[in-house]
Structure formats: structure tokens, C-alpha cells
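Structure first, then comments.
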Amino acid sequence: MSDVIEGKREYLANLRIEAEECGGSERVGKQHKSGKYTARERVKRLVDPNTFIEFDKFVTHRCNQFGMENKKYLGDGVVTGLGEINGQKIALYSQDFTCWGGALGNAHANKICKIMDYALRNRIPIIGISDSGGARIQEGVESLGGYAEIFYRNVKCSGVIPQLSLIMGPCAGGAVYSPAITDFVFMVEKSSYMFVTGPEVIKTVTHEEVTKEDLGGAKAHSEISGVSSFTCKDEDDCFERVRELLQFIPPSNFSKTTKKWTSDPVSRENSKLKHVIPDNPKKPYDMREIILDIIDDGNFLEVQRDYAKNIIVGFSSIGGIKIGIVANQPAHLAGVLDIDSSVKAARFVRFCDAFDIPILTLVDVPGFLPGTHQEFGGIIKHGSKLLYAFSEATTPLVTVITRKAYGGAYDVMASKHIRADVNLAYPSAEIAVMGAEGAVNIVFRKELVGLEGEELEEKRKELVSSYEKEFANPYKAAELGYLDNIIFPEETREIVYKYFCSLEHKRHYLPKRKHGNIQL
């Protein structure tokens with residue numbers, strides 16, 4: 001080998017070393033002290049060993065103002081490339097906080113856009129790891145334009161390839177809108193922050209005092225705002241949740257969903273379900289008990305677990321068929337539908353439908369939450385989102401009414417009337433406009449006029465009993481064809497599996513249109 005060639009090889013080797021040193025040992029040390037990995041360490045821990053192929057390792061910025069021409073980092077503060085997770089090809093970018101605090105400039109943004117375009121062309125998921133102080137001020141409008149280019153691509157990718165956002169440090173200002181558009185947001189306790197304006201700006205403008213954690217930490221976004229899909233105890237836990245999620249979702253809307261391996265027999269005993277639903281219809285129970293008993297291996301990946309707890313959404317499988325689950329939660333607010341639960345479930349249904357993931361809906365809903373707070377907050381508008389999402393969905397839909405299905409909430413929760421494919425009910429199901437006591441007070445008010453004391457109570461009990469006999473059961477709906485079958489709880493797993501098998505080749509097309517106009 002000639003000296004010239006050897007010199008060129010040595011030059012490349014040195015460039016690689018320089019690029020992989022990030023912002024230098026001092027800044028790397030600070031990153032570690034704050035409990036965070038570097039951008040490259042995150043990539044290495046997330047993807048399968050020896051699968052990462054890097055793009056644009058030697059890119060640098062072209063800013064010649066404010067002394068920026070004197071300081072350049074190879075890669076310009078973001079690592080981009082391809083890898084595999086559980087053998088599934090993915091594209092990713094990882095912002096490097098050790099280089100200008102991960103601030104986004106033009107070259108930085110171009111790298112992200114390039115890998116997003118690659119992911120879209122090749123129909124593979126895109127994962128973004130955010131750890132950035134925001135726009136690179138020195139580059140002015142070019143930084144702002146860079147964000148807009150990313151946002152545009154987020155929208156273009158939406159519903160075509162899964163988009164995952166991992167918040168592993170600050171994510172502020174305009175930067176938050178990219179994760180907001182993506183499908184799932186992962187946050188890490190005590191090190192992730194998302195806010196449009198930080199505590200100092202808020203104090204100046206509104207005179208409110210708030211900490212970064214209370215304003216935009218993982219807890220705030222998982223429990224109050226609903227921005228976060230998954231809250232993780234540390235970065236390694238976050239990577240594990242990402243791997244788990246990718247086992248349940250396809251790489252694109254062009255890909256046929258594969259089966260998930262399980263040794264859990266479809267026809268196994270489910271006798272526990274005989275006793276989950278209380279005899280007293282007013283008594284709460286935990287819907288997760290039903291979910292965990294009918295799915296494979298008790299493996300349920302719940303999304304937004306701590307937000308709008310009156311509804312449960314998440315991924316699992318039955319007999320290896322990967323499904324999304326939407327379920328009212330009687331253990332919290334009696335499973336009532338309100339603004340937050342409607343929006344949470346609607347967003348989840350639309351994701352599943354976009355990627356043709358079958359949906360199992362478990363219904364125990366007493367109606368929509370009444371009150372001025374809900375009405376003034378727009379329960380009419382927000383509640384319609386869930387109705388719209390289920391009505392628009394063409395993916396296989398199987399619904400099981402476990403107990404209450406009252407009023408308009410019965411219609412909304414994937415009823416036969418909005419074209420769910422299969423509607424089932426337990427013998428304990430009650431399908432009516434409202435509960436028996438409320439109905440009696442309206443329907444039979446004339447019969448109750450003039451009665452007092454024991455006589456009034458006896459008559460009311462008689463009328464309530466009569467109403468319950470007529471309506472507090474699933475048989476009237478079954479007679480009308482609104483239910484396809486009434487099943488025992490212990491049969492749920494096997495019967496639901498058989499119905500999903502029958503829907504494997506379902507094809508249903510909506511009228512041709514540019515897009516619908518869902519309430520936003």
C-alpha cells in the first residue's frame with residue numbers, strides 16, 4: 001500500500017474519531033453526570049448490535065457569523081442513520097446535547113430531513129431522539145425554516161410509517177411540535193422536559209412561578225396534558241418500551257401485520273372471568289382483569305396509562321393476532337366518557353386504523369360526563385372525535401359489552417350502528433337510553449304523582465324492576481340484530497379470536513374524498 005493511500009486512510013480514521021468524540025470529554029462527562037447518555041451511546045443501546053449504518057457523519061454548518069466559523073463539530077450536533085430493532089429495519093436521528101446543547105441549525109435540520117425522507121421512501125419507522133436547547137440563534141431564520149421542514153415531513157409521514165419521539169432532555173419552543181405530530185412520545189422521569197415557553201418567560205409574562213418539572217416534566221405530560229404516551233424511569237427503560245411497542249405495530253401502512261409468537265392456547269380456561277363483574281351494577285371493577293385474562297400471556301402494552309384513566313388503550317395479541325384494545329374503565333369515574341378520554345381513545349383508534357391493526361372494544365359506559373365544566377370545555381366537540389374515529393375506521397372491529405352501555409355513549413363505543421364488524425355482549429350487559437331509576441322518573445312520572453312515603457317507594461321499586469326486566473339485559477338488542485352473539489365471559493378469548501380470524505381479509509373502502517373534516 002502506497003504512502004499516499006495510507007495517508008488518506010489515516011486521515012479518514014482520524015475524522016471518524018473526531019466525529020465520535022461528540023463535543024469533547026468535558027461535555028460528555030457533564031452529560032453522564034446529569035444521568036443521560038450521549039447521542040451515540042443512545043443509538044448503540046437502542047438498536048440491535050452491529051446494525052447501525054450512519055449517514056452524514058462529516059457534515060458541518062456553513063454559518064459565518066457570531067464567531068460560528070471558528071467552531072464546527074463533525075455531524076453538526078445530530079447522529080442520523082439506519083438500524084434494526086428486533087430485526088425490524090428503522091431509521092433514526094439522535095440529537096447531541098454536547099454540541100451547542102443540541103441546538104438545531106440548517107445543516108442539522110437537513111440531516112434530519114434526509115433520514116426522514118429515506119424512511120418514507122423505504123416504508124420503515126422513524127425514531128427521533130430529542131435532546132436540544134432549541135433553535136440555533138446564530139443561524140436565525142434558517143433554524144426556524146429547518147424546524148418547519150421537519151414538521152412538514154412529520155405530517156407527510158403520518159399514517160404511512162410509524163413515528164416515535166424519545167424525549168431525553170430539553171425540548172422547548174418550536175421543537176415541541178415535531179413530537180406532538182408523531183404517533184408516540186416517550187419521556188424519561190426527571191430528565192425530560194417539553195414546553196413551548198420556559199419558566200422564566202412565563203414568570204416575566206404572566207408572573208406565574210413554576211419549575212421545569214412541574215411545567216413540562218414527564219409527570220406533567222403523562223398525567224395532566226396527555227402529551228406523553230409512555231413515561232420511563234430511565235433511558236434504558238425507555239429503549240425497552242420502544243422495543244416492546246415495535247413488536248406490536250407494522251413498519252408501514254403498506255405492510256401486512258405479522259403474527260406474534262405465543263405458547264398461550266386460545267382455548268385455555270378463563271373461569272376467572274365468571275366472577276370479575278359484580279352482581280351489583282353500581283359496584284366498580286377493574287377492566288384490566290378482563291383484558292389480562294383474555295390476551296396472550298398477560299402481555300398488555302398500555303398507552304397513556306396515567307392520563308384519562310376512565311378509558312384504557314393499548315396493544316396486545318390474542319392467539320398471536322396483534323390488536324389494539326379500547327376499554328372503558330369502571331374503576332375510575334365509573335368508566336364515563338369525558339373530554340380527555342374521548343380524545344385519548346380517538347387518537348388511538350385512528351392510529352390503529354391507519355396501520356390496519358384490528359381493534360377490540362370492551363364496553364362498560366354509563367354515558368358522557370355531565371356538568372358545566374364538560375359542556376363549556378367542549379364535550380360535544382371532543383366527544384364527537386371518538387364517534388368520528390370509530391365510524392371512519394375500516395380495520396376489523398370487534399366489540400364486547402361487558403355491562404352498561406347507556407345513551408349516546410353506547411352508539412359511540414363501536415356499536416353495530418357505526419359499522420363495527422362484530423358486536424357481542426355478556427348476559428350482564430345493559431343496553432338502554434339510561435339506567436332504570438332515571439328512566440322510571442321520566443317515563444312513569446305521572447304514575448308516581450301523588451304517591452308518598454312507603455307507597456311511593458314500593459311503586460318505584462316495582463317500576464324499576466319492570467324496566468330492568470325489559471331493558472337491563474342484552475336480549476332486546478340481540479332480537480333486533482344489533483348484537484351478533486351473547487356469550488359467557490369465560491368464552492371471550494376463544495370467541496373473539498375466531499371472529500378476528502374471520503376478519504383477516506376484510507376490505508372496506510370509504511367514499512372518495514380528499515379527507516374528512518374531523519372536529520379538531
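Identifiers in the C-alpha cells: chain A, B, ... in order shown; residue index from 1 per chain; ligand index from 1 in order shown.
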With a cut-off of 9 Å, could you pull out the residues of segment 232-340 of chain A touching segment 46-63 of chain A and give me the nearest pair of atoms for each, distance in Å to one decimal, using only C-alpha atoms, ordered by chain and ascending number, as JSON lines?
```
{"residue": "A:Asp236", "atom": "CA", "partner": "A:Leu46", "partner_atom": "CA", "distance": 8.3}
{"residue": "A:Phe239", "atom": "CA", "partner": "A:Leu46", "partner_atom": "CA", "distance": 5.5}
{"residue": "A:Glu240", "atom": "CA", "partner": "A:Leu46", "partner_atom": "CA", "distance": 8.0}
{"residue": "A:Val242", "atom": "CA", "partner": "A:Leu46", "partner_atom": "CA", "distance": 8.3}
{"residue": "A:Arg243", "atom": "CA", "partner": "A:Leu46", "partner_atom": "CA", "distance": 8.1}
```
Given only C-alpha atoms, how would the per-residue table for segment 221-321 of chain A near segment 159-175 of chain A read, listing every residue at most 7 Å away with its closest atom pair and distance in Å to one decimal, sorted by chain and number, as CSV?
```
residue,atom,partner,partner_atom,distance
A:Pro251,CA,A:Ile161,CA,6.2
A:Ser252,CA,A:Ile161,CA,4.3
A:Asn253,CA,A:Val160,CA,5.1
```
Selection file, N, CA and C atoms, as a short mmCIF file (atom, residue, chain, number, x, y, z; two decimals), in the first residue's frame:
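File written: selection.cif
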```
data_model
loop_
_atom_site.label_atom_id
_atom_site.label_comp_id
_atom_site.auth_asym_id
_atom_site.auth_seq_id
_atom_site.Cartn_x
_atom_site.Cartn_y
_atom_site.Cartn_z
N PRO A 251 -44.30 -1.98 10.16
CA PRO A 251 -43.35 -0.94 9.77
C PRO A 251 -43.95 0.16 8.91
N SER A 252 -45.09 -0.12 8.28
CA SER A 252 -45.74 0.91 7.46
C SER A 252 -47.17 0.48 7.17
N ASN A 253 -47.92 1.40 6.54
CA ASN A 253 -49.29 1.06 6.17
C ASN A 253 -49.35 0.17 4.93
#
```
Worksheet entry | Contacts of Ala107 of chain A at 12 Å (only C-alpha atoms; same-chain gap of 2+ positions) as a PyMOL selection string | chain A and resi 56-63+72-79+103-105+109-114+136+139+142-143+145-147+149
Selected residues written out with C-alpha atoms, as a PDB file, in the first residue's frame:
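This is the output file result39.pdb:
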```pdb
ATOM      1  CA  ASP A  56     -23.747  12.372   7.061  1.00  0.00           C
ATOM      2  CA  LYS A  57     -21.109  11.755   9.712  1.00  0.00           C
ATOM      3  CA  PHE A  58     -18.908  14.588   8.472  1.00  0.00           C
ATOM      4  CA  VAL A  59     -21.498  17.284   7.802  1.00  0.00           C
ATOM      5  CA  THR A  60     -20.758  20.719   9.298  1.00  0.00           C
ATOM      6  CA  HIS A  61     -22.628  24.019   9.389  1.00  0.00           C
ATOM      7  CA  ARG A  62     -21.973  26.883   6.981  1.00  0.00           C
ATOM      8  CA  CYS A  63     -22.661  29.796   9.330  1.00  0.00           C
ATOM      9  CA  LYS A  72     -17.514  23.314  13.994  1.00  0.00           C
ATOM     10  CA  TYR A  73     -18.424  19.806  15.114  1.00  0.00           C
ATOM     11  CA  LEU A  74     -18.425  16.935  12.646  1.00  0.00           C
ATOM     12  CA  GLY A  75     -22.017  15.772  12.312  1.00  0.00           C
ATOM     13  CA  ASP A  76     -23.302  19.197  13.406  1.00  0.00           C
ATOM     14  CA  GLY A  77     -24.862  18.015  16.650  1.00  0.00           C
ATOM     15  CA  VAL A  78     -27.062  15.171  15.438  1.00  0.00           C
ATOM     16  CA  VAL A  79     -26.436  11.497  14.632  1.00  0.00           C
ATOM     17  CA  ALA A 103     -29.298  23.357  19.060  1.00  0.00           C
ATOM     18  CA  LEU A 104     -30.788  22.981  15.592  1.00  0.00           C
ATOM     19  CA  GLY A 105     -29.247  24.800  12.659  1.00  0.00           C
ATOM     20  CA  ALA A 109     -32.126  20.080  10.176  1.00  0.00           C
ATOM     21  CA  ASN A 110     -31.116  18.934   6.689  1.00  0.00           C
ATOM     22  CA  LYS A 111     -29.650  15.755   8.165  1.00  0.00           C
ATOM     23  CA  ILE A 112     -32.891  15.002   9.979  1.00  0.00           C
ATOM     24  CA  CYS A 113     -34.987  15.732   6.884  1.00  0.00           C
ATOM     25  CA  LYS A 114     -32.762  13.490   4.770  1.00  0.00           C
ATOM     26  CA  ARG A 136     -29.549  27.789  16.922  1.00  0.00           C
ATOM     27  CA  GLU A 139     -28.446  30.977  12.242  1.00  0.00           C
ATOM     28  CA  GLU A 142     -32.517  29.207   8.707  1.00  0.00           C
ATOM     29  CA  SER A 143     -33.041  27.451  12.052  1.00  0.00           C
ATOM     30  CA  GLY A 145     -37.001  27.100   8.450  1.00  0.00           C
ATOM     31  CA  GLY A 146     -35.279  23.873   9.446  1.00  0.00           C
ATOM     32  CA  TYR A 147     -37.944  23.156  12.051  1.00  0.00           C
ATOM     33  CA  GLU A 149     -39.113  21.392   7.067  1.00  0.00           C
TER      34      GLU A 149
END
```
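Using only C-alpha atoms, the shortest contact distance between Arg268 of chain A and any of A:Ala477, A:Ile318, A:Asn517, A:Glu84 is found at A:Ile318.
Nearest-residue note for Gly102 of chain A: choosing from A:Ile418, A:Ala39, A:Ile85, A:Ile150, the minimum distance belongs to A:Ala39, counting only C-alpha atoms.
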Discussion item. Could you check the closest approach to Asn280 of chain A for each of A:Ile321, A:Asn106, A:Arg403, A:Val464 and tell me which residue wins, using only C-alpha atoms?
Written reply: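 That would be A:Arg403, the residue with the smallest distance to Asn280 of chain A.
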Fill in: Among listed residues A:Thr204, A:Val449, A:Val276, A:Arg153, nearest Tyr118 of chain A (using only C-alpha atoms)
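Between A:Thr204, A:Val449, A:Val276, A:Arg153, the residue approaching Tyr118 of chain A most closely is A:Arg153.
Counting from atom CA of Gln95 of chain A, the distance to atom CA of Asp183 of chain A is 19.1 Å.
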Practice prompt. Find the residue from A:Leu386, A:Ile277, A:Val400, A:Ile495 that sits nearest to Ala425 of chain A; use only C-alpha atoms when measuring.
Written response: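 Comparing A:Leu386, A:Ile277, A:Val400, A:Ile495 against Ala425 of chain A, the winner is A:Val400.
Counting only C-alpha atoms, the residue from A:Arg350, A:Lys219, A:Arg241, A:His508 that sits nearest to Phe300 of chain A is A:Arg241.
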Practice prompt. Identify all residues of segment 284-317 of chain A in helix (DSSP H, G or I) (DSSP on the backbone) and supply them as a list in words.
Written response: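 DSSP on the backbone gives helix (DSSP H, G or I) at Met287, Arg288, Glu289, Ile290, Ile291, Leu292, Asp293, Ile294, Asp296, Asp297 and Gly298 of chain A.
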Write the residues you've just listed into a file as a compact mmCIF listing (two decimals), in the first residue's frame, and include C-alpha atoms for each of them.
```txt
# COMPACT_ATOMS: atom_id res chain seq x y z
CA MET A 287 -61.45 -3.79 33.41
CA ARG A 288 -57.76 -4.72 33.28
CA GLU A 289 -58.67 -8.03 34.94
CA ILE A 290 -60.73 -8.93 31.87
CA ILE A 291 -58.09 -7.65 29.46
CA LEU A 292 -55.21 -9.53 31.09
CA ASP A 293 -57.18 -12.77 31.20
CA ILE A 294 -58.19 -12.84 27.53
CA ASP A 296 -51.82 -13.76 25.20
CA ASP A 297 -49.51 -14.33 28.17
CA GLY A 298 -50.97 -11.34 30.05
```
Practice prompt. Please provide as number ranges by chain all residues within 7 Å of Ala331 of chain A, with the sequence filter that same-chain residues fewer than 2 positions apart are discarded (counting only C-alpha atoms).
Written response: A: 284-286, 329, 333-335
Using only C-alpha atoms, tabulate the residues of segment 406-462 of chain A lying at most 12 Å from any atom of segment 358-381 of chain A, each with its closest atom pair and that distance in Å to one decimal, by chain and increasing residue number, as JSON lines.
```
{"residue": "A:Tyr406", "atom": "CA", "partner": "A:Pro366", "partner_atom": "CA", "distance": 5.2}
{"residue": "A:Gly407", "atom": "CA", "partner": "A:Gly367", "partner_atom": "CA", "distance": 5.8}
{"residue": "A:Gly408", "atom": "CA", "partner": "A:Gly367", "partner_atom": "CA", "distance": 6.7}
{"residue": "A:Ala409", "atom": "CA", "partner": "A:Gly367", "partner_atom": "CA", "distance": 4.9}
{"residue": "A:Tyr410", "atom": "CA", "partner": "A:Val365", "partner_atom": "CA", "distance": 7.3}
{"residue": "A:Asp411", "atom": "CA", "partner": "A:Gly367", "partner_atom": "CA", "distance": 10.0}
{"residue": "A:Val412", "atom": "CA", "partner": "A:Gly367", "partner_atom": "CA", "distance": 9.8}
{"residue": "A:Met413", "atom": "CA", "partner": "A:Val363", "partner_atom": "CA", "distance": 6.8}
{"residue": "A:Ala414", "atom": "CA", "partner": "A:Thr361", "partner_atom": "CA", "distance": 6.9}
{"residue": "A:Ser415", "atom": "CA", "partner": "A:Thr361", "partner_atom": "CA", "distance": 9.5}
{"residue": "A:Lys416", "atom": "CA", "partner": "A:Thr361", "partner_atom": "CA", "distance": 12.0}
{"residue": "A:Ala420", "atom": "CA", "partner": "A:Thr361", "partner_atom": "CA", "distance": 9.7}
{"residue": "A:Asp421", "atom": "CA", "partner": "A:Ile359", "partner_atom": "CA", "distance": 10.3}
{"residue": "A:Val422", "atom": "CA", "partner": "A:Leu360", "partner_atom": "CA", "distance": 9.7}
{"residue": "A:Asn423", "atom": "CA", "partner": "A:Thr361", "partner_atom": "CA", "distance": 9.3}
{"residue": "A:Leu424", "atom": "CA", "partner": "A:Leu362", "partner_atom": "CA", "distance": 9.6}
{"residue": "A:Ala425", "atom": "CA", "partner": "A:Val363", "partner_atom": "CA", "distance": 9.0}
{"residue": "A:Tyr426", "atom": "CA", "partner": "A:Val363", "partner_atom": "CA", "distance": 10.4}
{"residue": "A:Ser428", "atom": "CA", "partner": "A:Asp364", "partner_atom": "CA", "distance": 10.4}
{"residue": "A:Ala429", "atom": "CA", "partner": "A:Asp364", "partner_atom": "CA", "distance": 8.3}
{"residue": "A:Glu430", "atom": "CA", "partner": "A:Asp364", "partner_atom": "CA", "distance": 9.0}
{"residue": "A:Ile431", "atom": "CA", "partner": "A:Pro366", "partner_atom": "CA", "distance": 9.8}
{"residue": "A:Ala432", "atom": "CA", "partner": "A:Pro366", "partner_atom": "CA", "distance": 9.7}
{"residue": "A:Val433", "atom": "CA", "partner": "A:Gly367", "partner_atom": "CA", "distance": 9.0}
{"residue": "A:Met434", "atom": "CA", "partner": "A:Pro366", "partner_atom": "CA", "distance": 7.6}
{"residue": "A:Gly435", "atom": "CA", "partner": "A:Pro366", "partner_atom": "CA", "distance": 7.9}
{"residue": "A:Ala436", "atom": "CA", "partner": "A:Pro366", "partner_atom": "CA", "distance": 11.6}
{"residue": "A:Gly438", "atom": "CA", "partner": "A:Pro366", "partner_atom": "CA", "distance": 11.8}
```
At a cut-off of 12 Å, using only C-alpha atoms, what residues contact Lys259 of chain A? Leave out same-chain residues fewer than 3 positions from it and give the result as a tab-separated table (two decimals) with N, CA and C atoms, in the first residue's frame.
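Final output, saved to part_25.tsv:
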```tsv
chain	number	residue	atom	x	y	z
A	247	GLN	N	-42.87	-4.41	18.52
A	247	GLN	CA	-43.32	-5.80	18.32
A	247	GLN	C	-44.80	-5.86	17.94
A	248	PHE	N	-45.55	-4.80	18.27
A	248	PHE	CA	-46.99	-4.82	18.04
A	248	PHE	C	-47.45	-4.05	16.81
A	249	ILE	N	-46.59	-3.21	16.25
A	249	ILE	CA	-47.05	-2.36	15.13
A	249	ILE	C	-46.27	-2.69	13.86
A	250	PRO	N	-46.91	-2.56	12.70
A	250	PRO	CA	-46.22	-2.86	11.43
A	250	PRO	C	-45.26	-1.73	11.05
A	256	LYS	N	-48.29	-5.97	5.66
A	256	LYS	CA	-49.28	-6.84	6.29
A	256	LYS	C	-48.80	-7.19	7.69
A	262	THR	N	-46.74	-16.97	20.35
A	262	THR	CA	-47.21	-17.21	21.71
A	262	THR	C	-47.42	-18.70	21.93
A	296	ASP	N	-52.91	-12.78	25.15
A	296	ASP	CA	-51.82	-13.76	25.20
A	296	ASP	C	-50.83	-13.43	26.32
A	316	SER	N	-51.90	-5.50	22.34
A	316	SER	CA	-51.70	-6.86	22.82
A	316	SER	C	-51.92	-7.81	21.64
A	317	SER	N	-52.14	-9.09	21.96
A	317	SER	CA	-52.46	-10.07	20.92
A	317	SER	C	-53.36	-11.13	21.51
A	318	ILE	N	-54.14	-11.76	20.65
A	318	ILE	CA	-54.99	-12.90	21.03
A	318	ILE	C	-54.74	-13.99	20.01
A	319	GLY	N	-54.23	-15.12	20.47
A	319	GLY	CA	-53.89	-16.20	19.56
A	319	GLY	C	-52.84	-15.78	18.54
A	320	GLY	N	-51.98	-14.83	18.93
A	320	GLY	CA	-50.93	-14.35	18.03
A	320	GLY	C	-51.37	-13.22	17.12
A	321	ILE	N	-52.68	-12.91	17.07
A	321	ILE	CA	-53.18	-11.80	16.25
A	321	ILE	C	-52.96	-10.51	17.02
A	322	LYS	N	-52.17	-9.62	16.46
A	322	LYS	CA	-51.87	-8.35	17.13
A	322	LYS	C	-53.07	-7.42	17.03
A	323	ILE	N	-53.45	-6.84	18.17
A	323	ILE	CA	-54.64	-6.00	18.21
A	323	ILE	C	-54.40	-4.75	19.06
A	357	ILE	N	-54.50	-2.19	12.18
A	357	ILE	CA	-54.40	-3.03	13.38
A	357	ILE	C	-55.82	-3.27	13.89
A	501	CYS	N	-60.13	-13.97	13.34
A	501	CYS	CA	-59.65	-14.83	12.23
A	501	CYS	C	-60.54	-14.67	11.01
A	504	GLU	N	-59.77	-11.58	8.80
A	504	GLU	CA	-58.39	-11.43	8.34
A	504	GLU	C	-58.30	-10.73	6.99
```
Worksheet item: Any idea what the distance is between atom CA of Gly216 of chain A and atom CA of Gly198 of chain A?
Response: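 Straight-line distance from atom CA of Gly216 of chain A to atom CA of Gly198 of chain A works out to 8.5 Å.
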Practice prompt. Give the strand (DSSP E) residues of segment 215-321 of chain A, as assigned by DSSP on the backbone, as a ChimeraX atom specification.
Written response: /A:230-232,301-303,311-318,321
Practice prompt. Between atom CA of Asn485 of chain A and atom CA of Val398 of chain A, measure the distance and give it in Å to one decimal.
Written response: 11.4 Å
